[in-house]
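Structure file target-v8.cif with mmCIF, C-alpha atoms:
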```
data_structure
#
loop_
_atom_site.group_PDB
_atom_site.id
_atom_site.type_symbol
_atom_site.label_atom_id
_atom_site.label_comp_id
_atom_site.auth_asym_id
_atom_site.auth_seq_id
_atom_site.Cartn_x
_atom_site.Cartn_y
_atom_site.Cartn_z
ATOM 1 C CA MET A 1 76.053 145.038 137.909
ATOM 2 C CA ALA A 2 75.668 141.453 138.949
ATOM 3 C CA SER A 3 79.132 139.991 138.489
ATOM 4 C CA LYS A 4 77.800 136.620 137.323
ATOM 5 C CA LEU A 5 75.801 138.036 134.419
ATOM 6 C CA ARG A 6 76.973 137.044 130.962
ATOM 7 C CA ALA A 7 76.174 138.652 127.625
ATOM 8 C CA ARG A 8 73.584 135.922 126.973
ATOM 9 C CA ASP A 9 71.802 136.924 130.214
ATOM 10 C CA ILE A 10 71.567 140.579 129.175
ATOM 11 C CA MET A 11 70.782 140.307 125.451
ATOM 12 C CA SER A 12 67.507 140.212 123.599
ATOM 13 C CA GLY A 13 67.445 136.928 121.720
ATOM 14 C CA GLY A 14 66.136 136.216 118.274
ATOM 15 C CA ALA A 15 68.055 138.886 116.392
ATOM 16 C CA ARG A 16 67.167 138.891 112.700
ATOM 17 C CA CYS A 17 69.687 139.639 109.972
ATOM 18 C CA VAL A 18 69.280 141.412 106.704
ATOM 19 C CA GLY A 19 71.157 139.555 103.994
ATOM 20 C CA ALA A 20 74.261 141.226 102.602
ATOM 21 C CA HIS A 21 72.762 140.976 99.093
ATOM 22 C CA GLU A 22 69.380 142.415 100.085
ATOM 23 C CA SER A 23 68.698 146.058 99.317
ATOM 24 C CA LEU A 24 68.642 148.976 101.721
ATOM 25 C CA MET A 25 64.932 149.213 100.911
ATOM 26 C CA ASP A 26 64.536 145.639 102.191
ATOM 27 C CA ALA A 27 66.535 146.555 105.301
ATOM 28 C CA ALA A 28 64.371 149.631 105.919
ATOM 29 C CA LYS A 29 61.177 147.603 105.595
ATOM 30 C CA MET A 30 62.557 144.957 107.929
ATOM 31 C CA MET A 31 63.456 147.645 110.491
ATOM 32 C CA ARG A 32 59.952 149.051 110.217
ATOM 33 C CA ASP A 33 58.304 145.661 110.628
ATOM 34 C CA LEU A 34 60.518 144.660 113.557
ATOM 35 C CA LYS A 35 60.284 148.140 115.117
ATOM 36 C CA VAL A 36 64.081 148.445 115.398
ATOM 37 C CA GLY A 37 66.575 151.058 114.278
ATOM 38 C CA CYS A 38 69.452 148.707 113.562
ATOM 39 C CA LEU A 39 69.967 145.335 111.918
ATOM 40 C CA PRO A 40 72.848 142.920 111.755
ATOM 41 C CA ILE A 41 74.010 142.137 108.218
ATOM 42 C CA CYS A 42 74.711 138.468 107.535
ATOM 43 C CA GLY A 43 76.540 136.928 104.607
ATOM 44 C CA ASP A 44 75.559 133.888 102.587
ATOM 45 C CA ASN A 45 76.903 131.630 105.363
ATOM 46 C CA ASN A 46 74.560 133.288 107.910
ATOM 47 C CA ARG A 47 77.541 134.777 109.728
ATOM 48 C CA LEU A 48 77.629 138.364 110.885
ATOM 49 C CA THR A 49 79.395 140.688 108.452
ATOM 50 C CA GLY A 50 78.231 144.103 109.615
ATOM 51 C CA MET A 51 75.557 146.322 111.094
ATOM 52 C CA ILE A 52 73.291 148.879 109.487
ATOM 53 C CA THR A 53 71.209 151.577 111.132
ATOM 54 C CA ASP A 54 68.254 153.583 109.946
ATOM 55 C CA ARG A 55 70.530 156.615 110.137
ATOM 56 C CA ASP A 56 73.047 154.935 107.795
ATOM 57 C CA ILE A 57 70.315 154.479 105.214
ATOM 58 C CA VAL A 58 69.089 158.055 105.483
ATOM 59 C CA ILE A 59 72.469 159.838 105.588
ATOM 60 C CA THR A 60 74.526 157.812 103.122
ATOM 61 C CA CYS A 61 71.800 156.855 100.691
ATOM 62 C CA CYS A 62 68.563 158.842 100.756
ATOM 63 C CA ALA A 63 70.150 162.219 101.546
ATOM 64 C CA GLU A 64 72.505 161.713 98.615
ATOM 65 C CA GLY A 65 69.633 161.031 96.231
ATOM 66 C CA VAL A 66 70.465 157.340 95.817
ATOM 67 C CA ASP A 67 67.592 154.898 95.423
ATOM 68 C CA PRO A 68 67.763 152.524 98.445
ATOM 69 C CA ALA A 69 66.357 149.730 96.282
ATOM 70 C CA THR A 70 69.575 149.784 94.237
ATOM 71 C CA VAL A 71 72.113 149.510 97.085
ATOM 72 C CA GLN A 72 73.021 146.222 98.745
ATOM 73 C CA ALA A 73 73.002 146.197 102.556
ATOM 74 C CA GLY A 74 76.418 144.533 102.585
ATOM 75 C CA SER A 75 77.960 147.601 100.980
ATOM 76 C CA MET A 76 77.193 149.506 104.177
ATOM 77 C CA SER A 77 79.188 147.185 106.443
ATOM 78 C CA GLY A 78 81.648 149.260 108.392
ATOM 79 C CA GLU A 79 83.761 148.479 111.421
ATOM 80 C CA LEU A 80 82.147 145.626 113.299
ATOM 81 C CA HIS A 81 82.165 145.029 117.045
ATOM 82 C CA TRP A 82 80.568 142.015 118.720
ATOM 83 C CA ILE A 83 80.743 140.102 121.974
ATOM 84 C CA ASP A 84 80.918 136.414 122.828
ATOM 85 C CA ALA A 85 77.716 135.170 124.474
ATOM 86 C CA ASP A 86 79.806 133.890 127.395
ATOM 87 C CA ALA A 87 81.578 137.226 128.027
ATOM 88 C CA ASP A 88 80.879 138.765 131.400
ATOM 89 C CA ALA A 89 78.742 141.871 131.781
ATOM 90 C CA SER A 90 81.714 144.114 132.555
ATOM 91 C CA GLU A 91 83.274 143.171 129.199
ATOM 92 C CA VAL A 92 79.988 144.000 127.455
ATOM 93 C CA LEU A 93 79.961 147.425 129.058
ATOM 94 C CA ARG A 94 83.642 148.053 128.353
ATOM 95 C CA THR A 95 83.244 147.097 124.675
ATOM 96 C CA MET A 96 80.270 149.393 124.195
ATOM 97 C CA GLU A 97 81.962 152.264 126.019
ATOM 98 C CA ASP A 98 85.351 151.875 124.315
ATOM 99 C CA HIS A 99 83.780 151.925 120.853
ATOM 100 C CA HIS A 100 80.977 154.396 121.646
ATOM 101 C CA ILE A 101 78.289 152.008 120.437
ATOM 102 C CA LYS A 102 74.697 151.617 121.564
ATOM 103 C CA ARG A 103 73.988 148.188 120.071
ATOM 104 C CA LEU A 104 76.190 145.122 120.303
ATOM 105 C CA PRO A 105 75.660 141.812 118.485
ATOM 106 C CA VAL A 106 76.097 138.688 120.605
ATOM 107 C CA ILE A 107 77.819 135.692 118.997
ATOM 108 C CA ASP A 108 77.793 132.151 120.399
ATOM 109 C CA VAL A 109 81.406 131.296 119.657
ATOM 110 C CA LYS A 110 81.157 127.771 121.083
ATOM 111 C CA GLY A 111 77.887 127.188 119.219
ATOM 112 C CA GLY A 112 79.222 127.591 115.704
ATOM 113 C CA HIS A 113 79.929 131.325 115.789
ATOM 114 C CA GLN A 114 76.260 132.164 115.194
ATOM 115 C CA LEU A 115 74.450 135.401 116.011
ATOM 116 C CA VAL A 116 72.196 134.720 119.002
ATOM 117 C CA GLY A 117 71.082 138.177 120.083
ATOM 118 C CA MET A 118 71.669 141.895 120.495
ATOM 119 C CA ILE A 119 72.472 144.019 123.504
ATOM 120 C CA THR A 120 70.993 147.516 123.423
ATOM 121 C CA GLU A 121 70.843 150.440 125.793
ATOM 122 C CA ALA A 122 67.473 149.145 126.994
ATOM 123 C CA ASN A 123 69.083 145.822 127.936
ATOM 124 C CA LEU A 124 71.765 147.670 129.887
ATOM 125 C CA ALA A 125 69.183 149.816 131.652
ATOM 126 C CA LYS A 126 67.478 146.658 132.929
ATOM 127 C CA ASN A 127 70.740 145.239 134.305
ATOM 128 C CA LEU A 128 72.887 148.187 135.435
ATOM 129 C CA SER A 129 72.828 150.277 138.558
ATOM 130 C CA ASP A 130 71.994 153.981 138.248
ATOM 131 C CA ALA A 131 75.685 154.829 138.676
ATOM 132 C CA GLU A 132 76.681 152.412 135.909
ATOM 133 C CA ILE A 133 74.033 153.831 133.572
ATOM 134 C CA ALA A 134 75.315 157.346 134.226
ATOM 135 C CA GLU A 135 78.914 156.276 133.570
ATOM 136 C CA PHE A 136 77.889 154.468 130.368
ATOM 137 C CA ALA A 137 75.991 157.510 129.112
ATOM 138 C CA ASN A 138 78.923 159.780 129.931
ATOM 139 C CA ARG A 139 81.411 157.584 128.072
ATOM 140 C CA VAL A 140 79.261 156.797 125.029
ATOM 141 C CA TYR A 141 77.626 160.185 124.506
ATOM 142 C CA ALA A 142 80.466 162.461 125.601
ATOM 143 C CA THR A 143 81.773 164.583 122.754
ATOM 144 C CA ALA A 144 85.440 165.208 122.208
ATOM 145 C CA GLY A 145 86.358 168.562 123.613
#
```

Would you mind giving the structure from this file in structure tokens?
Amino acid sequence: MASKLRARDIMSGGARCVGAHESLMDAAKMMRDLKVGCLPICGDNNRLTGMITDRDIVITCCAEGVDPATVQAGSMSGELHWIDADADASEVLRTMEDHHIKRLPVIDVKGGHQLVGMITEANLAKNLSDAEIAEFANRVYATAG
């Protein structure tokens, strides 16, 4: 991995948030329209409050017979991990590996603590060596034995 790369160099910019008060149905439609499987959840102040995945909607809502139009996205906010836009690439990788996550919001701390992008596995694949990709996959996808 190029040692001078920062999170902002790796990320996909223009991440869109679903509002905490919007419904899971709204979140699902937004995911469909954006062709993504995960969305950041932002509060009324436009600050990141959580993340929601398509799997979250299916497992915790639809599979339980709950109407996704009646559940607010903010109610699905779980443990949140993010990275400063100025963090180096090794910190990005370490954060994703340590928390076994495949998507990482990027926050511009110096720029008002605003969400500026997302780092996904695809972003890593474009910036990591084959050995680093293999190590990432081993650490993130390994099951406890």

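Atom to atom, CA of Ser77 (chain A) and CA of Arg47 (chain A) stand 12.9 Å apart.
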
Checklist entry - Between A:Arg55, A:Lys126, A:Lys110, A:Arg139, which is the closest to Arg94 (chain A) once you count only C-alpha atoms? => result A:Arg139

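Distances here use only C-alpha atoms; by that measure, the residue among A:Ala137, A:Ala63, A:Met76, A:Val36 closest to Leu93 (chain A) is A:Ala137.
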
Next on the checklist: Using the chain letters and numbers from this file, what does the PyMOL selection byres ((chain A and resi 58) around 12) select? Give the answer as a VMD selection string.
Outcome noted: chain A and resid 24 to 25 27 to 28 37 52 to 57 59 to 68 76

Checklist entry - CA of Lys35 (chain A) and CA of Ala131 (chain A) are how many Å apart? => result 28.9 Å
